[in-house]
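A.B. asks: Input structure: start_19.pdb, which contains PDB, C-alpha atoms and all ligand atoms.
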```pdb
ATOM      1  CA  MET A  29      -2.020  27.227 -41.292  1.00  0.00           C
ATOM      2  CA  LYS A  30       0.546  25.315 -43.351  1.00  0.00           C
ATOM      3  CA  GLU A  31       3.332  23.724 -41.302  1.00  0.00           C
ATOM      4  CA  LYS A  32       6.921  24.727 -42.060  1.00  0.00           C
ATOM      5  CA  LYS A  33       8.941  22.212 -44.070  1.00  0.00           C
ATOM      6  CA  LYS A  34      11.379  20.164 -41.997  1.00  0.00           C
ATOM      7  CA  TYR A  35      15.034  19.757 -42.840  1.00  0.00           C
ATOM      8  CA  CYS A  36      15.985  16.094 -43.246  1.00  0.00           C
ATOM      9  CA  ALA A  37      19.469  17.088 -42.059  1.00  0.00           C
ATOM     10  CA  ASN A  38      18.076  17.436 -38.534  1.00  0.00           C
ATOM     11  CA  CYS A  39      16.513  13.956 -38.567  1.00  0.00           C
ATOM     12  CA  SER A  40      18.246  10.941 -37.025  1.00  0.00           C
ATOM     13  CA  HIS A  41      17.352   8.912 -40.131  1.00  0.00           C
ATOM     14  CA  CYS A  42      19.390  11.137 -42.444  1.00  0.00           C
ATOM     15  CA  ILE A  43      22.706   9.309 -42.808  1.00  0.00           C
ATOM     16  CA  VAL A  44      25.948  10.700 -44.202  1.00  0.00           C
ATOM     17  CA  PHE A  45      28.320   8.052 -45.568  1.00  0.00           C
ATOM     18  CA  LYS A  46      31.546   7.701 -47.524  1.00  0.00           C
ATOM     19  CA  LYS A  47      31.166   6.303 -51.031  1.00  0.00           C
ATOM     20  CA  PRO A  48      34.476   4.856 -52.265  1.00  0.00           C
ATOM     21  CA  ILE A  49      35.578   5.807 -55.777  1.00  0.00           C
ATOM     22  CA  ALA A  50      38.665   5.238 -57.948  1.00  0.00           C
ATOM     23  CA  LYS A  51      39.132   1.647 -56.763  1.00  0.00           C
ATOM     24  CA  GLY A  52      38.706   2.664 -53.159  1.00  0.00           C
ATOM     25  CA  ARG A  53      41.553   5.180 -53.056  1.00  0.00           C
ATOM     26  CA  TYR A  54      39.229   8.161 -52.695  1.00  0.00           C
ATOM     27  CA  TYR A  55      35.718   8.791 -51.461  1.00  0.00           C
ATOM     28  CA  VAL A  56      32.885  11.254 -51.798  1.00  0.00           C
ATOM     29  CA  LEU A  57      30.228  12.050 -49.198  1.00  0.00           C
ATOM     30  CA  ARG A  58      26.654  11.002 -49.853  1.00  0.00           C
ATOM     31  CA  VAL A  59      23.427  11.100 -47.857  1.00  0.00           C
ATOM     32  CA  ARG A  60      20.560   8.643 -47.593  1.00  0.00           C
ATOM     33  CA  CYS A  61      17.376   8.244 -45.604  1.00  0.00           C
ATOM     34  CA  ASP A  62      17.563   5.000 -43.641  1.00  0.00           C
ATOM     35  CA  MET A  63      13.761   4.824 -43.537  1.00  0.00           C
ATOM     36  CA  GLY A  64      13.714   4.485 -47.329  1.00  0.00           C
ATOM     37  CA  MET A  65      11.728   7.675 -47.908  1.00  0.00           C
ATOM     38  CA  TRP A  66      13.884   8.965 -50.766  1.00  0.00           C
ATOM     39  CA  LYS A  67      12.972   7.138 -53.936  1.00  0.00           C
ATOM     40  CA  LYS A  68      13.427   7.604 -57.665  1.00  0.00           C
ATOM     41  CA  ARG A  69      10.147   8.621 -59.266  1.00  0.00           C
ATOM     42  CA  LEU A  70       9.828   5.853 -61.847  1.00  0.00           C
ATOM     43  CA  SER A  71      11.832   2.873 -60.644  1.00  0.00           C
ATOM     44  CA  LYS A  72      11.150   3.487 -56.926  1.00  0.00           C
ATOM     45  CA  GLU A  73      14.770   2.586 -56.208  1.00  0.00           C
ATOM     46  CA  GLU A  74      16.457   4.295 -53.293  1.00  0.00           C
ATOM     47  CA  LYS A  75      17.756   7.750 -54.104  1.00  0.00           C
ATOM     48  CA  ILE A  76      21.129   8.841 -52.754  1.00  0.00           C
ATOM     49  CA  TYR A  77      22.139  12.506 -52.772  1.00  0.00           C
ATOM     50  CA  LYS A  78      25.422  14.380 -52.793  1.00  0.00           C
ATOM     51  CA  TYR A  79      26.274  15.672 -49.334  1.00  0.00           C
ATOM     52  CA  TYR A  80      26.609  19.284 -50.428  1.00  0.00           C
ATOM     53  CA  THR A  81      22.923  19.283 -51.484  1.00  0.00           C
ATOM     54  CA  LEU A  82      21.786  18.225 -48.008  1.00  0.00           C
ATOM     55  CA  LEU A  83      19.946  21.458 -47.217  1.00  0.00           C
ATOM     56  CA  LYS A  84      17.694  20.895 -50.242  1.00  0.00           C
ATOM     57  CA  ARG A  85      16.318  17.726 -48.656  1.00  0.00           C
ATOM     58  CA  ARG A  86      13.182  18.997 -46.940  1.00  0.00           C
ATOM     59  CA  VAL A  87       9.841  17.389 -46.234  1.00  0.00           C
ATOM     60  CA  ASP A  88       6.348  18.775 -45.675  1.00  0.00           C
ATOM     61  CA  ASN A  89       5.248  15.941 -43.509  1.00  0.00           C
ATOM     62  CA  CYS A  90       7.197  12.789 -42.749  1.00  0.00           C
ATOM     63  CA  PRO A  91       5.876  10.176 -40.305  1.00  0.00           C
ATOM     64  CA  TYR A  92       9.437   9.191 -39.384  1.00  0.00           C
ATOM     65  CA  TYR A  93      10.877  12.639 -38.729  1.00  0.00           C
ATOM     66  CA  ASP A  94      12.989  12.285 -35.581  1.00  0.00           C
ATOM     67  CA  PRO A  95      14.618  15.624 -34.719  1.00  0.00           C
ATOM     68  CA  MET A  96      18.091  15.407 -33.224  1.00  0.00           C
ATOM     69  CA  GLY A  97      17.813  18.799 -31.572  1.00  0.00           C
ATOM     70  CA  GLU A  98      16.739  22.373 -32.051  1.00  0.00           C
ATOM     71  CA  GLU A  99      16.450  22.784 -35.817  1.00  0.00           C
ATOM     72  CA  GLU A 100      17.141  26.474 -36.291  1.00  0.00           C
ATOM     73  CA  SER A 101      20.586  26.621 -34.657  1.00  0.00           C
ATOM     74  CA  PHE A 102      21.622  23.271 -36.161  1.00  0.00           C
ATOM     75  CA  ILE A 103      20.741  24.415 -39.682  1.00  0.00           C
ATOM     76  CA  LYS A 104      22.451  27.755 -39.101  1.00  0.00           C
ATOM     77  CA  ASP A 105      25.694  25.952 -38.182  1.00  0.00           C
ATOM     78  CA  LEU A 106      25.337  23.484 -41.040  1.00  0.00           C
ATOM     79  CA  LYS A 107      25.032  26.330 -43.538  1.00  0.00           C
ATOM     80  CA  LYS A 108      28.457  27.549 -42.399  1.00  0.00           C
ATOM     81  CA  THR A 109      30.173  24.158 -42.751  1.00  0.00           C
ATOM     82  CA  LEU A 110      28.460  22.448 -45.679  1.00  0.00           C
ATOM     83  CA  PRO A 111      30.673  22.393 -48.790  1.00  0.00           C
ATOM     84  CA  VAL A 112      29.378  24.293 -51.820  1.00  0.00           C
ATOM     85  CA  GLN A 113      30.330  21.516 -54.239  1.00  0.00           C
ATOM     86  CA  ASP A 114      31.075  17.816 -54.358  1.00  0.00           C
ATOM     87  CA  ILE A 115      34.517  17.144 -52.886  1.00  0.00           C
ATOM     88  CA  VAL A 116      36.770  14.144 -53.494  1.00  0.00           C
ATOM     89  CA  TYR A 117      38.639  13.054 -50.350  1.00  0.00           C
ATOM     90  CA  ALA A 118      41.621  10.735 -50.130  1.00  0.00           C
ATOM     91  CA  TYR A 119      41.624   7.918 -47.586  1.00  0.00           C
ATOM     92  CA  GLU A 120      44.468   8.312 -45.144  1.00  0.00           C
ATOM     93  CA  SER A 121      47.423   6.143 -46.161  1.00  0.00           C
ATOM     94  CA  ILE A 122      48.454   3.709 -43.446  1.00  0.00           C
TER      95      ILE A 122
HETATM   96  S1  LIG B   1      12.760   9.901 -42.148  1.00  0.00           S
HETATM   97 FE1  LIG B   1      11.706  11.574 -43.180  1.00  0.00          FE
HETATM   98  S2  LIG B   1      12.496  13.455 -42.237  1.00  0.00           S
HETATM   99 FE2  LIG B   1      13.898  11.758 -41.740  1.00  0.00          FE
HETATM  100  S3  LIG B   1      15.485  11.795 -43.339  1.00  0.00           S
HETATM  101 FE3  LIG B   1      13.902  10.375 -44.002  1.00  0.00          FE
HETATM  102  S4  LIG B   1      12.527  11.636 -45.273  1.00  0.00           S
HETATM  103 FE4  LIG B   1      13.755  13.040 -44.059  1.00  0.00          FE
END
```
Represent the structure from my file as C-alpha cells, please.

C.D. replies:
Amino acid sequence: MKEKKKYCANCSHCIVFKKPIAKGRYYVLRVRCDMGMWKKRLSKEEKIYKYYTLLKRRVDNCPYYDPMGEEESFIKDLKKTLPVQDIVYAYESI
C-alpha cells in the first residue's frame, strides 16, 4: 500500500523566514527546507517558496522528515490561518 504524502509544514526542518524587500522597509514571508531538500531542477540551487504556497510542499518519502506533532490537526489549523496570496508586511517603526 502506498504511504500518504507528508506535509513539509509539519516538519521541524521547514523554516518560515522574513525576506526584506524595498530596501528593508517591508518584508514578505518565505519558506525553505533547512536540510536542503528543495532544489531547482536544472541548477540544483536551493529553492525558496512563498509562504502562502506552504501546503503544496509535500513529500512521498523524505529521510529527514521530523514531525513536530500530530499532522492532521496541525494542517487543519494551518488551512484556516494560511494567507491565500503573497502579503507585503511593513517592519514596525521604532
Ligand atoms: S526535511 Fe523533508 S519533510 Fe522536512 S521540510 Fe525538508 S523536504 Fe520536507

A.B. asks: Which of these residues is nearest to ligand LIG 1 (chain B), using all atoms listed in the file: A:Asn38, A:Thr109, A:Thr81, A:Ser71?

C.D. replies: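 Going through A:Asn38, A:Thr109, A:Thr81, A:Ser71 one by one, the smallest distance to ligand LIG 1 (chain B) is for A:Asn38.
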
A.B. asks: Using the chain letters and residue numbers of this document, give as a ChimeraX atom specification the residues selected by the PyMOL selection byres (((chain A and resi 95) around 9) and not hetatm).

C.D. replies: /A:36-40,93-94,96-99

A.B. asks: Return as an mmCIF file with C-alpha atoms, in the frame of the given file the set of residues that the PyMOL selection byres (((not hetatm)) within 10 of (chain B and resi 1)) yields on the displayed structure.

C.D. replies:
```cif
data_model
loop_
_atom_site.group_PDB
_atom_site.id
_atom_site.type_symbol
_atom_site.label_atom_id
_atom_site.label_comp_id
_atom_site.auth_asym_id
_atom_site.auth_seq_id
_atom_site.Cartn_x
_atom_site.Cartn_y
_atom_site.Cartn_z
ATOM 1 C CA LYS A 33 8.941 22.212 -44.070
ATOM 2 C CA LYS A 34 11.379 20.164 -41.997
ATOM 3 C CA TYR A 35 15.034 19.757 -42.840
ATOM 4 C CA CYS A 36 15.985 16.094 -43.246
ATOM 5 C CA ALA A 37 19.469 17.088 -42.059
ATOM 6 C CA ASN A 38 18.076 17.436 -38.534
ATOM 7 C CA CYS A 39 16.513 13.956 -38.567
ATOM 8 C CA SER A 40 18.246 10.941 -37.025
ATOM 9 C CA HIS A 41 17.352 8.912 -40.131
ATOM 10 C CA CYS A 42 19.390 11.137 -42.444
ATOM 11 C CA ILE A 43 22.706 9.309 -42.808
ATOM 12 C CA VAL A 59 23.427 11.100 -47.857
ATOM 13 C CA ARG A 60 20.560 8.643 -47.593
ATOM 14 C CA CYS A 61 17.376 8.244 -45.604
ATOM 15 C CA ASP A 62 17.563 5.000 -43.641
ATOM 16 C CA MET A 63 13.761 4.824 -43.537
ATOM 17 C CA GLY A 64 13.714 4.485 -47.329
ATOM 18 C CA MET A 65 11.728 7.675 -47.908
ATOM 19 C CA TRP A 66 13.884 8.965 -50.766
ATOM 20 C CA LYS A 67 12.972 7.138 -53.936
ATOM 21 C CA ARG A 85 16.318 17.726 -48.656
ATOM 22 C CA ARG A 86 13.182 18.997 -46.940
ATOM 23 C CA VAL A 87 9.841 17.389 -46.234
ATOM 24 C CA ASP A 88 6.348 18.775 -45.675
ATOM 25 C CA ASN A 89 5.248 15.941 -43.509
ATOM 26 C CA CYS A 90 7.197 12.789 -42.749
ATOM 27 C CA PRO A 91 5.876 10.176 -40.305
ATOM 28 C CA TYR A 92 9.437 9.191 -39.384
ATOM 29 C CA TYR A 93 10.877 12.639 -38.729
ATOM 30 C CA ASP A 94 12.989 12.285 -35.581
ATOM 31 C CA PRO A 95 14.618 15.624 -34.719
#
```

A.B. asks: Output the residue selection produced by the PyMOL selection byres (((chain A and resi 79) around 12) and not hetatm) on the file above, formatted as a PyMOL selection string.

C.D. replies: chain A and resi 36-37+42-47+55-60+76-78+80-85+106+109-116

A.B. asks: Excluding A:Tyr119 and any residue of its chain fewer than 3 positions from it, enumerate the residues within 10 Å of it, using only C-alpha atoms, and give them as a PDB file with C-alpha atoms, in the coordinates of the input.

C.D. replies:
```pdb
ATOM      1  CA  PRO A  48      34.476   4.856 -52.265  1.00  0.00           C
ATOM      2  CA  GLY A  52      38.706   2.664 -53.159  1.00  0.00           C
ATOM      3  CA  ARG A  53      41.553   5.180 -53.056  1.00  0.00           C
ATOM      4  CA  TYR A  54      39.229   8.161 -52.695  1.00  0.00           C
ATOM      5  CA  TYR A  55      35.718   8.791 -51.461  1.00  0.00           C
ATOM      6  CA  VAL A 116      36.770  14.144 -53.494  1.00  0.00           C
ATOM      7  CA  ILE A 122      48.454   3.709 -43.446  1.00  0.00           C
TER       8      ILE A 122
END
```

A.B. asks: To one decimal in Å, tell me the separation between atom CA of A:Lys51 and atom CA of A:Tyr117.

C.D. replies: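 One can read the atom CA of A:Lys51 to atom CA of A:Tyr117 distance as 13.1 Å.
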
A.B. asks: So for stretch 52-63 of chain A, what box centre and size do we get, axis-aligned, 5 Å extra on each of the six sides, every listed atom, Å to one decimal, as AutoDock Vina command-line options?

C.D. replies:
```
--center_x 27.7 --center_y 7.4 --center_z -48.3 --size_x 37.8 --size_y 19.4 --size_z 19.6
```

A.B. asks: Have a look at atom CA of A:Lys75 and atom CA of A:Ala50 and let me know their distance in Å, one decimal.

C.D. replies: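 Straight-line distance from atom CA of A:Lys75 to atom CA of A:Ala50 works out to 21.4 Å.
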